[in-house]
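Notes follow the structure.
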Amino acid sequence: MKIGNFNLMSYRHLPDDFSEKYESVYIELPSELLDPVQMNIDYNASLDELEFAESVGFDMLGVNEHHSNGYGMMPSPNLMAAALSRRTSEASLLVLGNSLALYNPPQRVAEEFAMLDCISGGRLIAGFPVGTPMDTCYAYSTNPSELRDRYYEAADLVRQAWTRPEPFSFHGRFNQERYVNITPRPVQDPHPPVWVPAGGSVETWRFCAENDYVYCYMTYFGYLSGEQIIRGFWDEMKAQGREPNPYQTGIVQYVGVAETREEALELYAEPAHYFFNNCLHTHPRWAQPPGYVTEATARKKIQSQVQEAARRAQLKTNALDELRGQTFEDMVEQGFVLIGSPDEVADKLREIAISQNVGNLLLMAQFGNMSSELARYNMELLGKRVKPQIEGIFANEWEHRWWPKKLASPAQPAELVR
Amino acid sequence: MSSPSERTVEVAGGPCRIWEKGDGPLLGVLPGLGGAPRWSPFFEELSQSRRVVVPSLPGFPGAGDQHRDIDGHLMWVSATLDLLEAAGLAGADLAAASVAGMLAADVAALAPGMVRRLVLTGSFGLYDNDDPTANVFATTTEEAVELQTARPDRYAEAFAPPDDEEESAEFQILQYRAAEAAARIFWPFGERGLAARLHRVRSPVLLLWGAEDRIVQTRYIDRFAAGLAGPVETCVVPGAGHQAWIDEPEACASAVVTFLAD
């Protein structure tokens with residue numbers, strides 16, 4: 001089992017009445033609500049927290065890409081990973097990832113990921129997300145009907161750019177590149193492992209299965225919401241005659257650990273409320289660009305994560321009292337946040353991993369407006385008292401073929417000379 | 001209201017339905033957002049004095065999902081030309097609304113002789129940063145309806161799903177597909193450089209607009225008129241929104257017939 005510390009890096013200072021006063025955390029967030037001086041503190045605090053996560057034993061440090069919002073403050077996760085690559089040395093760097101269709105030309109992704117792989121000495125996990133509708137179709141104006149085909153084509157181009165030894169030309173539907181010959185090439189041979197963050201579309205099951213990529217279900221709503229989706233991926237794998245190696249899946253889970261369940265209930269209620277009420281407060285108008293959800297998926301009646309979040313936001317607008325009534329206990333009950341003592345959390349994570357056959361847990365130990373102090377407490381308990389209980393799961397039965405191949409003796413940063 | 005005759009042609013690698021009804025001079029009609037899921041009072045009214053031909057653009061109701069293989073504006077214009085020719089509409093009069101108006105305007109600009117007289121209703125194609133058209137695809141479902149129509153009752157008649165559960169599901173899928181096709185044509189602004197080609201439209205043009213068009217507001221009538229080189233007439237229909245043909249079918253049909261008779 002591999003266990004990551006994933007940080008969305010939500011903006012931590014939205015006003016208390018944000019979700020009542022403002023329509024959406026995405027696309028139309030007023031700039032006066034975001035303080036750049038505060039971001040100086042927060043970016044550094046978040047990097048410190050991720051570095052701390054390595055020191056308490058997490059296998060990987062996760063960052064990702066979002067635009068024009070207060071839900072995830074990393075429009076360029078590559079910059080965060082670059083900073084992490086200098087002050088960490090063991091953990092894999094999970095950049096989950098670069099929304100491929102947004103980069104023109106897509107070689108930019110191949111180049112930056114290759115640089116990260118070189119700087120970190122082969123610790124990169126390259127994430128290939130399609131991206132949320134808000135990020136891709138509204139913040140970056142990509143045509144929703146073309147988005148997926150642009151994504152597939154870019155994924156193909158990036159993989160070729162990493163692996164083809166000679167300069168080549170790429171004449172695609174959307175990308176015409178006369179000379180592709182990126183520098184540098186990634187350290188990992190043939191290329192860094194590719195993990196795909198997903199929201200539950202049938203196409204992504206197929207894409208991951210066919211290309212031997214890791215399928216990561218990025219749920220805000222916990223392990224219960226993930227069961228059906230992960231099962232769908234395994235069904236697709238079976239249909240393609242592929243082995244059910246648990247390391248080919250990952251799942252996000254919000255977690256709050258304390259010495260006792262009661263203490264956890266008290267400690268994590270505020271950041272959970274903040275996250276679910278403010279950071280997911282996306283107006284439905286930004287969640288439904290036609291074509292983003294493919295017809296096949298629409299037919300399967302799988303509601304995307306975003307629509308679920310938007311629906312909740314709308315519910316709140318229409319029925320404030322109903323959601324105001326949602327207690328932290330309700331969120332825990334529904335599986336949004338997993339809380340408890342180290343033993344309780346370990347038991348639950350073991351159960352999730354085994355029942356869903358998931359070999360990579362991406363734990364959100366820092367969420368919402370959680371203080372750095374509390375995040376470190378949470379991470380330390382997770383790293384030192386939960387992880388040892390579950391890290392052995394699957395280890396003897398399966399090979400993790402999607403884990404970075406770190407250099408044996410990577411270069412280290414020199415001592416600062418002032 | 002009797003049914004039109006129906007045939008299918010192959011355009012851009014997929015089927016496109018052609019409805020036809022009435023006698024008289026040929027008139028092609030290209031519906032806008034949502035396409036034409038059913039024969040409408042507007043078509044019926046026109047068919048009283050014209051031989052009305054209603055082709056389905058790729059991705060719209062009556063057509064297949066070949067819109068997903070159409071990349072970029074030039075391919076869309078080319079597919080529209082193919083469709084008009086396959087429907088026997090080369091050289092005929094043409095009325096086009098909204099997203100289809102944008103394609104029809106380019107057809108008229110780039111293929112002289114293809115369109116005898118052109119009617120544009122709530123047409124996309126121009127965009128001014130300081131006076132933007134509304135984004136119908138940045139709305140909730142309810143807001144999208146409010147933006148499109150000034151007559152929700154008539155809009156509901158045109159776009160209400162059938163009662164049967166299975167048919168209803170399929171109808172909704174096809175409406176989702178039509179929305180995707182429209183988005184594919186015009187995301188994000190409904191503007192693909194038409195302003196630089198509009199002067200090439202030499203056919204007489206009627207700019208027929210709903211007075212309450214909340215998407216491509218009536219202010220855009222002047223912008224179109226200023227760019228066109230040939231004769232231009234305008235007609236603003238009271239009580240009609242962006243889906244003017246659905247909101248006020250008789251008034252719109254009457255304006256079209258009068259203009260084409262000139």
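Just remember, in the structure tokens the first chain shown is A, the second B, etc., residues are 1-based per chain, and ligands are 1-based in the order shown.
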
Would you mind listing, as a ChimeraX atom specification, all residues of chain A that have at least one atom within 9 Å of chain B, where only C-alpha atoms are what counts? /A:137-138,141-146,173-174,283-292,295,298-299

Written selection (C-alpha atoms) as a PDB file, in the first residue's frame:
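Once everything was written out, this is part_4.pdb:
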```
ATOM      1  CA  CYS A 137     -14.148  25.156 -20.266  1.00  0.00           C
ATOM      2  CA  TYR A 138     -14.721  28.358 -18.333  1.00  0.00           C
ATOM      3  CA  SER A 141     -12.344  28.536 -22.505  1.00  0.00           C
ATOM      4  CA  THR A 142     -11.620  25.147 -24.022  1.00  0.00           C
ATOM      5  CA  ASN A 143     -14.458  23.885 -26.208  1.00  0.00           C
ATOM      6  CA  PRO A 144     -16.227  21.259 -24.051  1.00  0.00           C
ATOM      7  CA  SER A 145     -17.092  19.189 -27.093  1.00  0.00           C
ATOM      8  CA  GLU A 146     -13.439  19.002 -28.128  1.00  0.00           C
ATOM      9  CA  ARG A 173      -6.382  16.874 -35.260  1.00  0.00           C
ATOM     10  CA  PHE A 174      -5.657  19.711 -32.899  1.00  0.00           C
ATOM     11  CA  HIS A 283     -22.547  27.730  -8.891  1.00  0.00           C
ATOM     12  CA  PRO A 284     -24.185  25.150 -11.178  1.00  0.00           C
ATOM     13  CA  ARG A 285     -23.798  27.515 -14.116  1.00  0.00           C
ATOM     14  CA  TRP A 286     -20.095  26.631 -14.098  1.00  0.00           C
ATOM     15  CA  ALA A 287     -20.606  22.890 -13.907  1.00  0.00           C
ATOM     16  CA  GLN A 288     -22.488  21.859 -17.033  1.00  0.00           C
ATOM     17  CA  PRO A 289     -20.788  22.854 -20.269  1.00  0.00           C
ATOM     18  CA  PRO A 290     -22.497  20.688 -22.908  1.00  0.00           C
ATOM     19  CA  GLY A 291     -20.271  17.885 -24.085  1.00  0.00           C
ATOM     20  CA  TYR A 292     -18.024  17.870 -21.033  1.00  0.00           C
ATOM     21  CA  GLU A 295     -23.125  11.137 -24.115  1.00  0.00           C
ATOM     22  CA  ALA A 298     -24.820  10.771 -19.546  1.00  0.00           C
ATOM     23  CA  ARG A 299     -26.530   7.605 -20.639  1.00  0.00           C
TER      24      ARG A 299
END
```

Looking only at strand (DSSP E or B) from DSSP on the backbone, list the matching residues of range 121-310 of chain A as a ChimeraX atom specification. /A:124-127,168-171,176-180,194-198,214-217,249-257

Expected file contents, prior selection, C-alpha atoms, as a compact mmCIF listing (two decimals), in the first residue's frame:
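The resulting part.txt:
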```
# COMPACT_ATOMS: atom_id res chain seq x y z
CA LEU A 124 7.88 12.20 -10.31
CA ILE A 125 4.45 10.68 -10.79
CA ALA A 126 2.97 12.44 -13.81
CA GLY A 127 -0.74 13.17 -13.51
CA PHE A 168 9.55 13.56 -35.11
CA SER A 169 6.60 15.44 -36.50
CA PHE A 170 3.15 15.19 -34.98
CA HIS A 171 0.26 15.93 -37.28
CA GLN A 176 0.40 20.31 -35.67
CA GLU A 177 3.97 20.18 -34.48
CA ARG A 178 6.62 20.05 -37.18
CA TYR A 179 9.55 19.27 -34.91
CA VAL A 180 9.14 17.45 -31.61
CA VAL A 194 1.19 8.17 -15.37
CA TRP A 195 -1.71 8.49 -12.96
CA VAL A 196 -5.06 9.82 -14.07
CA PRO A 197 -7.29 11.71 -11.65
CA ALA A 198 -10.86 10.96 -12.58
CA VAL A 214 -3.33 4.39 -12.68
CA TYR A 215 -6.97 5.32 -12.14
CA CYS A 216 -7.40 7.77 -9.25
CA TYR A 217 -10.90 8.59 -8.16
CA THR A 249 -6.07 2.50 -8.51
CA GLY A 250 -6.05 5.33 -6.04
CA ILE A 251 -8.71 7.09 -4.06
CA VAL A 252 -8.85 10.41 -2.26
CA GLN A 253 -10.09 10.45 1.32
CA TYR A 254 -10.40 13.33 3.75
CA VAL A 255 -9.06 12.21 7.10
CA GLY A 256 -8.87 13.63 10.61
CA VAL A 257 -7.02 11.66 13.27
```

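Closest approach to His191 in chain A from the set A:Gln326, A:Gln248, A:Ser225, A:Gln160 is made by A:Gln160, with distances taken over only C-alpha atoms.
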
Shell of 6 Å around Gly121 in chain A, only C-alpha atoms, local chain residues under 5 positions omitted, as a list in words: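 Close residues of Gly121 in chain A: Lys406, Leu407 and Pro410 of chain A.
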
Distance of CA of Phe221 in chain A from CA of Trp402 in chain A, expressed in Å to one decimal place: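 CA of Phe221 in chain A lies at a distance of 25.5 Å from CA of Trp402 in chain A.
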
Shell around Asn278 in chain A at 8 Å using only C-alpha atoms, local window under 5 positions removed, as a PyMOL selection string: chain A and resi 14+18-19+25+273

Generate a file of the selected residues that holds N, CA and C atoms, formatted as a short mmCIF file (atom, residue, chain, number, x, y, z; two decimals), in the first residue's frame.
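This went into out-v5.cif:
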```
data_model
loop_
_atom_site.label_atom_id
_atom_site.label_comp_id
_atom_site.auth_asym_id
_atom_site.auth_seq_id
_atom_site.Cartn_x
_atom_site.Cartn_y
_atom_site.Cartn_z
N LEU A 14 -11.47 32.77 3.47
CA LEU A 14 -12.74 33.29 2.96
C LEU A 14 -13.59 33.75 4.15
N PHE A 18 -19.24 33.60 3.43
CA PHE A 18 -18.92 33.51 2.00
C PHE A 18 -20.03 32.86 1.18
N SER A 19 -20.47 31.70 1.62
CA SER A 19 -21.41 30.95 0.78
C SER A 19 -22.80 31.59 0.76
N VAL A 25 -17.39 29.94 -5.65
CA VAL A 25 -15.97 29.99 -5.31
C VAL A 25 -15.12 29.90 -6.58
N HIS A 273 -16.36 21.91 7.78
CA HIS A 273 -17.45 22.81 7.42
C HIS A 273 -16.97 23.86 6.43
#
```
